$ cat work17.cif   # mmCIF, C-alpha atoms and all ligand atoms
data_run
loop_
_atom_site.label_atom_id
_atom_site.label_comp_id
_atom_site.auth_asym_id
_atom_site.auth_seq_id
_atom_site.Cartn_x
_atom_site.Cartn_y
_atom_site.Cartn_z
CA MET A 1366 315.53 37.92 156.62
CA SER A 1367 312.90 37.09 154.08
CA ILE A 1368 312.48 34.27 151.65
CA LYS A 1369 310.76 35.07 148.42
CA LYS A 1370 310.36 33.69 144.96
CA GLY A 1371 312.36 35.31 142.19
CA LYS A 1372 311.02 36.55 138.90
CA LYS A 1373 311.27 34.55 135.71
CA PHE A 1374 313.06 36.18 132.79
CA PRO A 1375 311.77 35.99 129.23
CA TYR A 1376 313.39 33.50 126.84
CA GLY A 1377 316.18 31.30 128.13
CA ILE A 1378 316.09 27.53 128.07
CA HIS A 1379 315.68 24.46 130.26
CA VAL A 1380 318.51 21.98 130.16
CA LYS A 1381 318.87 18.55 131.73
CA ASP A 1382 321.14 19.36 134.64
CA MET A 1383 323.12 16.11 135.17
CA LYS A 1384 324.05 17.35 138.63
CA ASP A 1385 323.16 14.01 140.24
CA LEU A 1386 326.47 12.55 139.06
CA CYS A 1387 328.15 14.13 142.11
CA ARG A 1388 325.61 16.37 143.81
CA ASP A 1389 325.90 14.54 147.12
CA LYS A 1390 329.67 14.17 147.18
CA PRO A 1391 331.46 16.38 149.74
CA ILE A 1392 334.40 18.46 148.58
CA GLU A 1393 337.70 16.56 148.66
CA GLN A 1394 341.23 18.02 148.66
CA VAL A 1395 343.41 17.02 145.68
CA PRO A 1396 347.00 16.29 146.82
CA ALA A 1397 349.57 18.84 145.68
CA SER A 1398 351.24 17.92 142.39
CA ASP A 1399 354.99 17.52 141.86
CA LEU A 1400 354.94 20.46 139.45
CA VAL A 1401 352.48 23.35 139.34
CA TYR A 1402 352.04 25.49 136.22
CA ILE A 1403 350.81 28.96 137.15
CA SER A 1404 349.62 31.14 134.28
CA MET A 1405 350.19 34.89 134.33
CA SER A 1406 346.78 35.39 132.67
CA LEU A 1407 344.41 34.07 135.31
CA HIS A 1408 341.98 36.98 135.12
CA ILE A 1409 340.39 39.50 132.75
CA GLY A 1410 342.82 42.34 132.08
CA ALA A 1411 346.55 42.78 131.73
CA PRO A 1412 348.68 39.68 132.43
CA SER A 1413 350.53 39.71 135.76
CA VAL A 1414 354.28 40.35 135.70
CA PRO A 1415 356.56 37.65 137.17
CA ILE A 1416 358.85 38.88 139.96
CA VAL A 1417 360.68 35.58 140.49
CA ASN A 1418 363.48 34.01 138.47
CA VAL A 1419 364.35 30.46 137.54
CA GLY A 1420 366.16 28.87 140.47
CA ASP A 1421 364.39 30.98 143.12
CA LYS A 1422 363.10 29.14 146.17
CA VAL A 1423 359.50 30.10 146.92
CA LYS A 1424 357.00 29.44 149.68
CA LYS A 1425 353.30 28.77 149.35
CA GLY A 1426 351.62 32.17 149.63
CA GLN A 1427 354.64 34.07 148.28
CA LEU A 1428 353.94 36.73 145.66
CA ILE A 1429 355.38 35.46 142.36
CA ALA A 1430 353.75 37.90 139.93
CA LYS A 1431 352.48 41.43 140.40
CA GLU A 1432 349.33 43.01 139.06
CA ASN A 1433 350.02 45.10 135.99
CA GLY A 1434 347.67 48.08 136.00
CA PRO A 1435 344.24 48.76 137.47
CA VAL A 1436 342.56 45.74 135.85
CA SER A 1437 344.98 42.98 136.75
CA ALA A 1438 345.71 40.77 139.77
CA ASN A 1439 348.55 39.53 141.96
CA VAL A 1440 349.53 35.86 141.71
CA TYR A 1441 350.94 33.75 144.56
CA SER A 1442 352.77 30.46 144.63
CA SER A 1443 350.47 27.57 145.53
CA VAL A 1444 353.30 25.31 146.81
CA ASN A 1445 356.68 25.44 148.54
CA GLY A 1446 359.47 24.69 146.11
CA GLU A 1447 361.72 26.02 143.37
CA VAL A 1448 360.93 27.93 140.20
CA VAL A 1449 362.17 25.61 137.46
CA SER A 1450 360.98 27.49 134.39
CA ILE A 1451 359.25 30.65 133.21
CA GLU A 1452 358.05 30.07 129.69
CA ASP A 1453 355.28 30.52 127.16
CA ILE A 1454 353.10 27.42 126.88
CA ASN A 1455 350.25 26.48 124.55
CA ASN A 1456 347.56 25.47 127.02
CA GLY A 1457 344.56 23.23 126.48
CA LEU A 1458 342.44 26.20 125.41
CA GLY A 1459 344.81 26.82 122.51
CA LEU A 1460 346.09 30.00 124.14
CA ARG A 1461 349.80 30.74 124.36
CA GLN A 1462 350.43 32.19 127.80
CA LYS A 1463 353.33 32.82 130.10
CA TYR A 1464 353.61 30.32 132.96
CA VAL A 1465 355.74 30.15 136.09
CA ILE A 1466 356.48 26.47 136.73
CA ILE A 1467 357.33 25.46 140.30
CA LYS A 1468 358.74 22.13 141.49
CA ASN A 1469 357.00 21.23 144.73
CA ASP A 1470 359.46 20.25 147.49
CA LYS A 1471 356.55 18.85 149.56
CA THR A 1472 357.60 20.72 152.69
CA ASP A 1473 355.06 22.16 155.11
CA GLY A 1474 354.32 25.76 155.90
CA GLU A 1475 353.01 28.76 154.05
CA LEU A 1476 353.25 32.53 154.10
CA LEU A 1477 350.29 34.52 155.35
CA PHE A 1478 349.49 38.22 155.39
CA ASP A 1479 349.71 40.18 158.63
CA GLN A 1480 346.57 40.17 160.74
CA MET A 1481 344.36 43.12 159.81
CA THR A 1482 343.97 45.66 162.58
CA GLU A 1483 341.62 48.03 160.79
CA PHE A 1484 338.49 46.94 158.92
CA SER A 1485 337.47 50.13 157.15
CA PRO A 1486 335.99 49.76 153.62
CA SER A 1487 339.25 50.91 152.03
CA ALA A 1488 341.31 48.49 154.17
CA LEU A 1489 339.02 45.60 153.18
CA VAL A 1490 339.27 46.45 149.47
CA GLU A 1491 343.04 46.75 149.76
CA ARG A 1492 343.33 43.29 151.38
CA ILE A 1493 341.15 41.75 148.63
CA ARG A 1494 343.28 43.46 145.97
CA LEU A 1495 346.50 42.35 147.62
CA ALA A 1496 345.28 38.72 147.81
CA GLY A 1497 344.77 38.60 144.03
CA ILE A 1498 341.08 37.69 144.24
CA VAL A 1499 339.08 37.78 141.01
CA GLY A 1500 335.43 37.01 140.23
CA LEU A 1501 335.12 33.26 140.58
CA GLY A 1502 331.79 32.92 138.81
CA GLY A 1503 333.81 32.61 135.61
CA ALA A 1504 334.43 36.17 134.50
CA GLY A 1505 337.70 36.64 136.38
CA PHE A 1506 337.29 40.39 136.78
CA PRO A 1507 339.48 41.65 139.65
CA THR A 1508 337.18 41.80 142.70
CA ALA A 1509 338.76 44.91 144.23
CA VAL A 1510 337.83 46.90 141.12
CA LYS A 1511 334.19 45.82 141.47
CA LEU A 1512 334.31 46.94 145.10
CA THR A 1513 335.17 50.53 144.19
CA PRO A 1514 332.18 51.61 142.07
CA LYS A 1515 331.86 55.18 140.85
CA ASN A 1516 328.35 55.61 142.25
CA PRO A 1517 326.75 54.46 145.53
CA LEU A 1518 325.07 51.07 145.28
CA GLU A 1519 321.94 49.70 146.89
CA PHE A 1520 322.06 45.92 146.48
CA LEU A 1521 324.76 43.33 147.02
CA ILE A 1522 323.54 40.24 145.15
CA ILE A 1523 325.21 36.92 145.84
CA ASN A 1524 325.11 34.49 142.96
CA GLY A 1525 324.23 31.03 144.21
CA ALA A 1526 322.35 30.05 141.06
CA GLU A 1527 324.92 27.62 139.65
CA CYS A 1528 322.73 27.10 136.61
CA GLU A 1529 325.36 25.29 134.53
CA PRO A 1530 324.55 21.60 134.13
CA TYR A 1531 326.95 19.14 135.83
CA LEU A 1532 328.49 21.70 138.22
CA ASN A 1533 327.96 21.31 141.96
CA CYS A 1534 330.87 23.00 143.71
CA ASP A 1535 328.95 26.21 144.54
CA PHE A 1536 326.13 24.08 145.92
CA ARG A 1537 328.52 22.03 148.05
CA LEU A 1538 330.18 25.19 149.37
CA MET A 1539 326.79 26.71 150.23
CA ILE A 1540 325.98 23.75 152.48
CA GLU A 1541 329.49 22.87 153.70
CA ARG A 1542 330.85 26.38 154.32
CA THR A 1543 327.76 28.50 154.83
CA ASP A 1544 329.21 30.55 157.68
CA ASP A 1545 332.42 31.32 155.78
CA ILE A 1546 330.40 32.53 152.81
CA TYR A 1547 328.30 34.64 155.17
CA LYS A 1548 331.41 36.24 156.67
CA GLY A 1549 332.77 37.01 153.20
CA ILE A 1550 329.41 38.55 152.29
CA LYS A 1551 329.45 40.79 155.36
CA TYR A 1552 332.97 42.04 154.64
CA THR A 1553 332.03 42.66 151.01
CA ALA A 1554 328.87 44.54 151.99
CA LYS A 1555 330.92 46.65 154.38
CA ALA A 1556 333.48 47.42 151.69
CA LEU A 1557 330.65 48.58 149.42
CA GLY A 1558 328.69 50.40 152.14
CA ILE A 1559 325.58 48.34 151.36
CA ASN A 1560 323.06 46.90 153.79
CA LYS A 1561 320.61 45.30 151.35
CA ILE A 1562 321.95 41.82 150.74
CA VAL A 1563 320.25 39.21 148.59
CA ILE A 1564 321.36 35.69 147.77
CA GLY A 1565 319.77 34.08 144.71
CA ILE A 1566 319.67 30.27 144.77
CA GLU A 1567 317.97 28.03 142.18
CA ALA A 1568 315.04 26.02 143.48
CA ASN A 1569 316.84 22.75 142.77
CA LYS A 1570 319.11 23.40 145.78
CA PRO A 1571 316.68 23.29 148.75
CA GLU A 1572 319.47 22.36 151.19
CA ALA A 1573 321.38 25.54 150.27
CA ILE A 1574 318.23 27.66 150.55
CA LYS A 1575 317.65 26.21 154.02
CA ALA A 1576 321.27 26.83 155.03
CA PHE A 1577 320.93 30.59 154.40
CA GLU A 1578 317.55 30.96 156.11
CA LYS A 1579 319.22 31.47 159.49
CA TYR A 1580 320.75 34.87 158.68
CA ASP A 1581 318.55 37.81 159.67
CA ASP A 1582 320.32 40.30 157.41
CA ILE A 1583 320.22 38.40 154.11
CA ASP A 1584 317.18 37.95 151.87
CA VAL A 1585 317.04 34.58 150.16
CA VAL A 1586 315.48 34.60 146.70
CA ILE A 1587 314.45 31.22 145.35
CA LEU A 1588 315.11 31.27 141.64
CA LYS A 1589 313.34 29.24 139.00
CA LYS A 1590 315.49 26.62 137.34
CA GLN A 1591 316.08 28.47 134.11
CA TYR A 1592 319.22 28.88 132.04
CA PRO A 1593 321.20 31.25 132.15
CA MET A 1594 319.95 32.31 135.58
CA GLY A 1595 323.54 32.88 136.76
CA SER A 1596 324.15 35.64 134.21
CA GLU A 1597 324.57 38.94 136.08
CA LYS A 1598 321.87 40.83 134.22
CA HIS A 1599 319.31 38.04 134.57
CA LEU A 1600 320.12 37.46 138.22
CA ILE A 1601 319.69 41.16 138.97
CA TYR A 1602 316.30 41.18 137.26
CA CYS A 1603 315.10 37.99 138.94
CA THR A 1604 316.21 39.03 142.44
CA THR A 1605 315.45 42.78 142.44
CA GLY A 1606 313.25 43.42 139.40
CA ARG A 1607 315.82 45.93 138.08
CA LYS A 1608 316.72 45.83 134.41
CA VAL A 1609 320.26 46.58 133.29
CA PRO A 1610 319.85 48.45 129.98
CA THR A 1611 321.84 47.48 126.91
CA GLY A 1612 325.38 48.80 127.17
CA LYS A 1613 325.09 49.46 130.91
CA MET A 1614 326.62 47.68 133.87
CA PRO A 1615 325.11 46.35 137.14
CA PHE A 1616 326.42 49.40 139.05
CA ASP A 1617 324.35 51.63 136.72
CA VAL A 1618 321.24 50.18 138.38
CA GLY A 1619 322.72 50.21 141.90
CA CYS A 1620 323.72 46.54 142.05
CA CYS A 1621 326.89 44.55 142.53
CA VAL A 1622 326.96 40.78 141.96
CA HIS A 1623 329.47 38.36 143.47
CA ASN A 1624 329.71 34.58 143.35
CA VAL A 1625 329.68 32.45 146.53
CA LYS A 1626 333.21 31.18 145.84
CA THR A 1627 334.49 34.76 145.68
CA MET A 1628 332.95 35.35 149.12
CA ILE A 1629 334.96 32.46 150.58
CA ALA A 1630 338.16 33.81 149.04
CA CYS A 1631 337.42 37.26 150.55
CA TYR A 1632 336.75 35.75 153.98
CA GLU A 1633 339.99 33.74 153.85
CA ALA A 1634 342.04 36.78 152.80
CA ILE A 1635 340.57 39.07 155.46
CA GLU A 1636 340.14 36.78 158.44
CA LEU A 1637 342.60 33.93 157.78
CA ASN A 1638 345.17 36.21 156.07
CA LYS A 1639 345.47 33.86 153.08
CA PRO A 1640 346.60 34.88 149.61
CA PHE A 1641 344.40 33.32 146.91
CA THR A 1642 345.95 29.98 145.93
CA GLU A 1643 343.17 27.36 145.93
CA VAL A 1644 340.04 26.81 143.87
CA TYR A 1645 336.92 24.62 143.96
CA MET A 1646 335.79 22.58 140.99
CA THR A 1647 333.42 19.82 139.93
CA VAL A 1648 335.00 16.97 137.98
CA SER A 1649 332.25 15.16 136.15
CA GLY A 1650 330.95 13.59 132.97
CA LYS A 1651 330.45 9.89 132.31
CA GLY A 1652 333.97 9.58 130.92
CA VAL A 1653 335.62 9.87 134.34
CA ASN A 1654 335.51 6.97 136.80
CA ASN A 1655 334.65 8.89 140.00
CA GLN A 1656 332.84 12.19 139.62
CA LYS A 1657 333.84 14.50 142.48
CA ASN A 1658 333.71 17.99 143.91
CA ILE A 1659 337.24 19.07 144.70
CA LYS A 1660 339.48 21.71 146.19
CA THR A 1661 342.76 22.03 144.33
CA LEU A 1662 345.78 24.30 144.11
CA ILE A 1663 346.09 26.84 141.32
CA GLY A 1664 348.42 25.41 138.67
CA THR A 1665 347.53 21.74 139.19
CA PRO A 1666 347.78 19.72 135.93
CA TYR A 1667 344.37 18.47 134.77
CA GLN A 1668 345.80 14.99 134.30
CA ASP A 1669 346.61 14.87 138.04
CA ILE A 1670 343.04 15.92 138.84
CA LEU A 1671 341.63 13.18 136.62
CA ASP A 1672 343.96 10.64 138.26
CA PHE A 1673 342.64 11.74 141.67
CA CYS A 1674 339.15 11.05 140.34
CA GLY A 1675 340.00 7.46 139.39
CA GLY A 1676 341.13 8.24 135.86
CA LEU A 1677 339.26 7.94 132.60
CA ASN A 1678 337.16 4.93 131.57
CA GLY A 1679 337.98 5.12 127.87
CA LEU A 1680 334.62 6.58 126.86
CA ALA A 1681 335.47 10.29 126.96
CA VAL A 1682 335.36 11.96 123.54
CA LYS A 1683 335.47 15.56 124.68
CA PHE A 1684 336.98 17.49 127.60
CA VAL A 1685 335.52 20.78 128.75
CA ALA A 1686 336.98 23.37 131.13
CA GLY A 1687 333.95 24.74 132.99
CA GLY A 1688 330.33 23.77 132.45
CA PRO A 1689 328.96 22.36 129.20
CA MET A 1690 327.09 25.56 128.27
CA MET A 1691 329.68 28.29 128.85
CA GLY A 1692 332.82 26.24 129.31
CA LYS A 1693 335.53 25.88 126.70
CA ALA A 1694 336.36 22.64 124.92
CA LEU A 1695 339.93 21.58 125.63
CA LEU A 1696 342.19 20.72 122.72
CA ASN A 1697 344.14 18.41 125.02
CA LEU A 1698 344.80 17.86 128.71
CA ASN A 1699 347.88 20.12 128.82
CA HIS A 1700 345.92 22.43 131.02
CA TYR A 1701 346.31 23.63 134.57
CA THR A 1702 343.96 24.95 137.23
CA ARG A 1703 343.16 28.61 136.82
CA LYS A 1704 341.68 31.03 139.33
CA THR A 1705 338.33 30.93 137.55
CA ALA A 1706 338.18 27.14 137.20
CA SER A 1707 334.77 25.71 138.07
CA GLY A 1708 334.65 22.38 136.31
CA LEU A 1709 336.47 19.74 134.32
CA LEU A 1710 334.16 17.52 132.29
CA ALA A 1711 335.05 14.30 130.50
CA LEU A 1712 332.06 13.83 128.23
CA THR A 1713 331.14 10.63 126.40
CA ALA A 1714 329.62 10.43 122.92
CA GLU A 1715 326.14 10.16 124.41
CA GLU A 1716 326.68 13.35 126.42
CA THR A 1717 327.94 15.54 123.63
CA ASN A 1718 327.04 16.17 120.05
CA ALA A 1719 329.72 15.47 117.50
CA THR A 1720 327.45 16.12 114.49
CA GLN A 1721 329.02 18.33 111.84
CA PRO A 1722 327.21 21.66 111.31
CA SER A 1723 324.92 21.98 108.29
CA ASN A 1724 323.50 25.06 106.61
CA CYS A 1725 321.29 27.38 108.61
CA ILE A 1726 317.64 26.70 107.79
CA ASN A 1727 316.44 30.08 109.10
CA CYS A 1728 314.17 28.47 111.66
CA ALA A 1729 314.84 31.26 114.21
CA VAL A 1730 315.02 28.80 117.12
CA CYS A 1731 318.27 30.45 118.20
CA ALA A 1732 316.61 33.87 118.34
CA LYS A 1733 313.66 32.49 120.30
CA ASN A 1734 316.04 31.06 122.89
CA CYS A 1735 318.39 34.02 123.23
CA PRO A 1736 318.01 35.60 126.70
CA MET A 1737 319.58 38.82 125.38
CA ARG A 1738 317.00 38.99 122.55
CA LEU A 1739 319.61 38.89 119.82
CA MET A 1740 319.42 37.27 116.41
CA PRO A 1741 322.39 34.91 116.60
CA MET A 1742 321.95 33.56 113.06
CA TYR A 1743 322.57 37.01 111.56
CA ILE A 1744 325.49 37.80 113.85
CA GLU A 1745 327.06 34.47 112.93
CA SER A 1746 326.50 35.09 109.25
CA TYR A 1747 328.15 38.53 109.43
CA ALA A 1748 331.00 37.16 111.54
CA LEU A 1749 331.70 34.42 109.01
CA SER A 1750 331.67 36.87 106.11
CA GLY A 1751 334.04 39.22 107.95
CA ASN A 1752 331.49 42.03 108.19
CA PHE A 1753 332.13 42.90 111.83
CA GLU A 1754 330.46 46.32 111.59
CA MET A 1755 327.16 44.61 110.84
CA ALA A 1756 327.81 41.98 113.51
CA GLU A 1757 328.17 44.87 115.96
CA LYS A 1758 324.98 46.50 114.67
CA TYR A 1759 323.16 43.27 115.37
CA GLY A 1760 324.33 43.43 118.99
CA ALA A 1761 327.28 41.05 119.06
CA MET A 1762 328.80 42.93 122.01
CA ASN A 1763 325.68 42.25 124.08
CA CYS A 1764 326.08 38.51 123.71
CA ILE A 1765 326.87 36.91 127.08
CA GLU A 1766 328.12 33.72 125.39
CA CYS A 1767 325.62 31.59 127.30
CA GLY A 1768 325.27 29.00 124.53
CA SER A 1769 321.45 28.92 124.64
CA CYS A 1770 321.24 29.63 120.90
CA ALA A 1771 323.52 26.78 119.87
CA PHE A 1772 321.95 24.35 122.35
CA ASN A 1773 318.78 23.86 120.30
CA CYS A 1774 320.03 24.74 116.82
CA PRO A 1775 318.87 21.92 114.51
CA ALA A 1776 321.75 22.65 112.12
CA LYS A 1777 324.29 22.42 114.97
CA ARG A 1778 325.84 25.74 114.00
CA SER A 1779 328.83 26.89 116.09
CA LEU A 1780 327.04 30.12 116.89
CA VAL A 1781 328.85 31.06 120.10
CA GLN A 1782 332.31 30.53 118.64
CA SER A 1783 331.45 32.77 115.67
CA ILE A 1784 329.94 35.47 117.87
CA SER A 1785 332.86 35.31 120.28
CA PHE A 1786 335.22 35.71 117.31
CA ALA A 1787 333.20 38.72 116.10
CA LYS A 1788 333.41 40.29 119.57
CA ALA A 1789 337.18 39.93 119.61
CA LYS A 1790 337.42 41.48 116.14
CA ILE A 1791 335.13 44.38 117.08
CA LYS A 1792 337.26 45.08 120.17
CA GLU A 1793 340.40 44.95 118.03
CA MET A 1794 338.86 47.39 115.50
CA LYS A 1795 337.98 49.80 118.30
CA GLN A 1796 341.46 49.62 119.79
CA ASN A 1797 342.87 50.44 116.39
CA GLY A 1798 340.47 53.40 116.02
CA ARG A 1799 338.53 51.48 113.32
S1 LIG A 1801 318.66 27.80 115.14
FE1 LIG A 1801 320.33 27.26 113.77
S2 LIG A 1801 319.32 26.71 111.87
FE2 LIG A 1801 317.81 27.84 113.08
S3 LIG A 1801 318.06 30.00 112.45
FE3 LIG A 1801 319.39 29.69 114.20
S4 LIG A 1801 321.37 29.18 113.29
FE4 LIG A 1801 319.85 28.87 111.71
S1 LIG A 1802 323.55 35.03 121.01
FE1 LIG A 1802 324.82 35.07 122.83
S2 LIG A 1802 323.44 35.71 124.47
FE2 LIG A 1802 322.16 35.01 122.77
S3 LIG A 1802 321.79 32.85 123.17
FE3 LIG A 1802 323.59 32.95 121.87
S4 LIG A 1802 325.30 32.93 123.26
FE4 LIG A 1802 323.49 33.47 124.50
#
$ encode --input "work17.cif" --output "structure tokens" --more "lines below"
Ligand code: SF4
Ligand code: SF4
Amino acid sequence: MSIKKGKKFPYGIHVKDMKDLCRDKPIEQVPASDLVYISMSLHIGAPSVPIVNVGDKVKKGQLIAKENGPVSANVYSSVNGEVVSIEDINNGLGLRQKYVIIKNDKTDGELLFDQMTEFSPSALVERIRLAGIVGLGGAGFPTAVKLTPKNPLEFLIINGAECEPYLNCDFRLMIERTDDIYKGIKYTAKALGINKIVIGIEANKPEAIKAFEKYDDIDVVILKKQYPMGSEKHLIYCTTGRKVPTGKMPFDVGCCVHNVKTMIACYEAIELNKPFTEVYMTVSGKGVNNQKNIKTLIGTPYQDILDFCGGLNGLAVKFVAGGPMMGKALLNLNHYTRKTASGLLALTAEETNATQPSNCINCAVCAKNCPMRLMPMYIESYALSGNFEMAEKYGAMNCIECGSCAFNCPAKRSLVQSISFAKAKIKEMKQNGR
């Protein structure tokens, strides 16, 4: 074991973290809701395919939807009960997705996998695939796919940065469930055939840094508090000094990055035989009465989560799924816990900026702040004029949607939304052969 200081990356920003709202609050379990709404699009890749019908009785831990292709994931029921509907719903993100809705009968018991008898790398990957685990740092990429790289890797890097303001659930897990994370890390390292393990933790979490000091086979890298430290490419650079070139992936430089929450899910699937049905989130913002760190079932309505946190105080003007930098504003609270959920924020007027955008003044602040060294103002301009070829030329596809550009824009331009739109259009053009 060694403890060392991580590198600093160029650009990036410093944001007021607001973590004190619930930093010291232990994780609490949210009671199961009467109805759970489980989306079939809980990950990056092809939506899962329901294998249950309306009227079917299901158990917690029962497979209700199968992965659909190599980049997809299984989905399990998070309660015991009856499937009451399978329908397309407009969720709070404005996305129309297929949901399996289950009425909870509030009975006890759950289905588990058989105990594993063989712990070879392929058996470990297969259990993680079967359990429906996806990257819980936000990306939602199926974990089993990341565990079968095309080339041998050298570093397993565990992301304990949690650089998003307001969010504390990774921090709480690192101090409340350190050993479980460690076990998940060891299984993951074995699956990958790696023995160099690094955990990167921002310096504002000294208790978490201390918690991981006891393991001889993990190097702890203390990261500067810098946003977006949790981005894969920046974390790799700050922990190992390796640079992931434009257009390349972490495995191209011998690295694989996993979030601490993903490690707990892997441990639970392998050692406790649990399908993936529960997630950890921070519920915060000054618009909610009791800010909390919570554990909740996949498919739980956001209104039930807010009720568990003492309800709203009437000051919230904006709701965000995730953190304030990379999260998505919710159109309404008709939203339900997803596998990748990390936060639910009820922000007041003083915490958010409702100013209408004005014209770009070409100040280049956005470019100075961009950790990917892009020129967001030009990409936005091309996106808005429908010139997606030029948006691509200016590197739109390299944007990690971190929000650093928009954060300090004096004209309050919606840069990330425009760039994200351009990325979707560029992908669409490529799929259609241009
Ligand atoms: S920071 Fe805003 S105003 Fe300045 S160049 Fe970028 S988009 Fe334009
Ligand atoms: S252009 Fe993309 S990568 Fe650069 S600061 Fe903006 S959101 Fe982040």
$ axis_aligned_box --input "work17.cif" --around "ligand LIG 1802 (chain A)" --padding-each-side "8 Å" --output "lines of an AutoDock Vina configuration file"
center_x = 323.5
center_y = 34.3
center_z = 122.8
size_x = 19.5
size_y = 18.9
size_z = 19.5
$ residues_near_ligand --input "work17.cif" --ligand "ligand LIG 1802 (chain A)" --cutoff "7 Å" --atoms "only C-alpha atoms and all ligand atoms" --output "list in words"
Cys1731, Asn1734, Cys1735, Pro1736, Met1737, Arg1738, Leu1739, Met1740, Pro1741, Asn1763, Cys1764, Ile1765, Glu1766, Cys1767, Gly1768, Ser1769, Cys1770, Ala1771, Leu1780 and Val1781 of chain A
$ write_last_selection --input "work17.cif" --atoms "C-alpha atoms" --output "PDB file, keeping the file's coordinate frame"
ATOM      1  CA  CYS A1731     318.270  30.450 118.200  1.00  0.00           C
ATOM      2  CA  ASN A1734     316.040  31.060 122.890  1.00  0.00           C
ATOM      3  CA  CYS A1735     318.390  34.020 123.230  1.00  0.00           C
ATOM      4  CA  PRO A1736     318.010  35.600 126.700  1.00  0.00           C
ATOM      5  CA  MET A1737     319.580  38.820 125.380  1.00  0.00           C
ATOM      6  CA  ARG A1738     317.000  38.990 122.550  1.00  0.00           C
ATOM      7  CA  LEU A1739     319.610  38.890 119.820  1.00  0.00           C
ATOM      8  CA  MET A1740     319.420  37.270 116.410  1.00  0.00           C
ATOM      9  CA  PRO A1741     322.390  34.910 116.600  1.00  0.00           C
ATOM     10  CA  ASN A1763     325.680  42.250 124.080  1.00  0.00           C
ATOM     11  CA  CYS A1764     326.080  38.510 123.710  1.00  0.00           C
ATOM     12  CA  ILE A1765     326.870  36.910 127.080  1.00  0.00           C
ATOM     13  CA  GLU A1766     328.120  33.720 125.390  1.00  0.00           C
ATOM     14  CA  CYS A1767     325.620  31.590 127.300  1.00  0.00           C
ATOM     15  CA  GLY A1768     325.270  29.000 124.530  1.00  0.00           C
ATOM     16  CA  SER A1769     321.450  28.920 124.640  1.00  0.00           C
ATOM     17  CA  CYS A1770     321.240  29.630 120.900  1.00  0.00           C
ATOM     18  CA  ALA A1771     323.520  26.780 119.870  1.00  0.00           C
ATOM     19  CA  LEU A1780     327.040  30.120 116.890  1.00  0.00           C
ATOM     20  CA  VAL A1781     328.850  31.060 120.100  1.00  0.00           C
TER      21      VAL A1781
END
$ residues_near_ligand --input "work17.cif" --ligand "ligand LIG 1801 (chain A)" --cutoff "8 Å" --atoms "only C-alpha atoms and all ligand atoms" --output "count of residues only"
22
$ atom_distance --input "work17.cif" --atom1 "atom CA of Cys1387 of chain A" --atom2 "atom CA of Pro1689 of chain A"
15.3 Å
$ closest_residue --input "work17.cif" --among "A:Gln1480, A:Lys1548, A:Thr1553, A:Gly1497" --to "Thr1513 of chain A" --atoms "only C-alpha atoms"
A:Thr1553
$ atom_distance --input "work17.cif" --atom1 "atom CA of Val1395 of chain A" --atom2 "atom CA of Gly1410 of chain A"
28.7 Å
$ residues_around --input "work17.cif" --residues "segment 1572-1589 of chain A" --least-positions-apart "3" --cutoff "7 Å" --atoms "all atoms listed in the file" --output "JSON, numbers by chain"
{"A": [1366, 1367, 1368, 1369, 1370, 1371, 1373, 1536, 1539, 1540, 1543, 1562, 1563, 1564, 1565, 1566, 1567, 1568, 1604]}
$ residues_near_point --input "work17.cif" --point "(327.5, 52.7, 143.7)" --cutoff "12 Å" --atoms "all atoms listed in the file" --output "PyMOL selection string"
chain A and resi 1511-1521+1554+1556-1559+1614-1621
$ residues_around --input "work17.cif" --residues "Ser1406 of chain A" --least-positions-apart "4" --cutoff "8 Å" --atoms "only C-alpha atoms" --output "PDB file with C-alpha atoms, in the frame of the given file"
ATOM      1  CA  ALA A1411     346.550  42.780 131.730  1.00  0.00           C
ATOM      2  CA  PRO A1412     348.680  39.680 132.430  1.00  0.00           C
ATOM      3  CA  SER A1413     350.530  39.710 135.760  1.00  0.00           C
ATOM      4  CA  GLN A1462     350.430  32.190 127.800  1.00  0.00           C
ATOM      5  CA  LYS A1463     353.330  32.820 130.100  1.00  0.00           C
TER       6      LYS A1463
END
$ atom_distance --input "work17.cif" --atom1 "atom CA of Arg1542 of chain A" --atom2 "atom CA of Ala1438 of chain A"
25.3 Å
$ residues_around --input "work17.cif" --residues "Ala1787 of chain A" --least-positions-apart "2" --cutoff "12 Å" --atoms "all atoms listed in the file" --output "PyMOL selection string"
chain A and resi 1741+1743-1764+1766+1780-1785+1789-1794
$ decode --input "work17.cif" --residues "segment 1622-1637 of chain A" --atoms "C-alpha atoms" --output "compact mmCIF listing (two decimals), in the first residue's frame"
# COMPACT_ATOMS: atom_id res chain seq x y z
CA VAL A 1622 -12.06 2.57 -14.21
CA HIS A 1623 -14.92 1.53 -11.94
CA ASN A 1624 -16.96 3.48 -9.42
CA VAL A 1625 -17.13 2.46 -5.73
CA LYS A 1626 -20.87 1.79 -5.97
CA THR A 1627 -20.27 -0.64 -8.83
CA MET A 1628 -17.80 -2.50 -6.60
CA ILE A 1629 -20.48 -3.00 -3.94
CA ALA A 1630 -22.92 -4.31 -6.54
CA CYS A 1631 -20.26 -6.77 -7.79
CA TYR A 1632 -19.51 -7.95 -4.25
CA GLU A 1633 -23.22 -8.47 -3.53
CA ALA A 1634 -23.76 -10.41 -6.77
CA ILE A 1635 -20.74 -12.66 -6.27
CA GLU A 1636 -20.69 -13.26 -2.54
CA LEU A 1637 -24.29 -12.57 -1.45
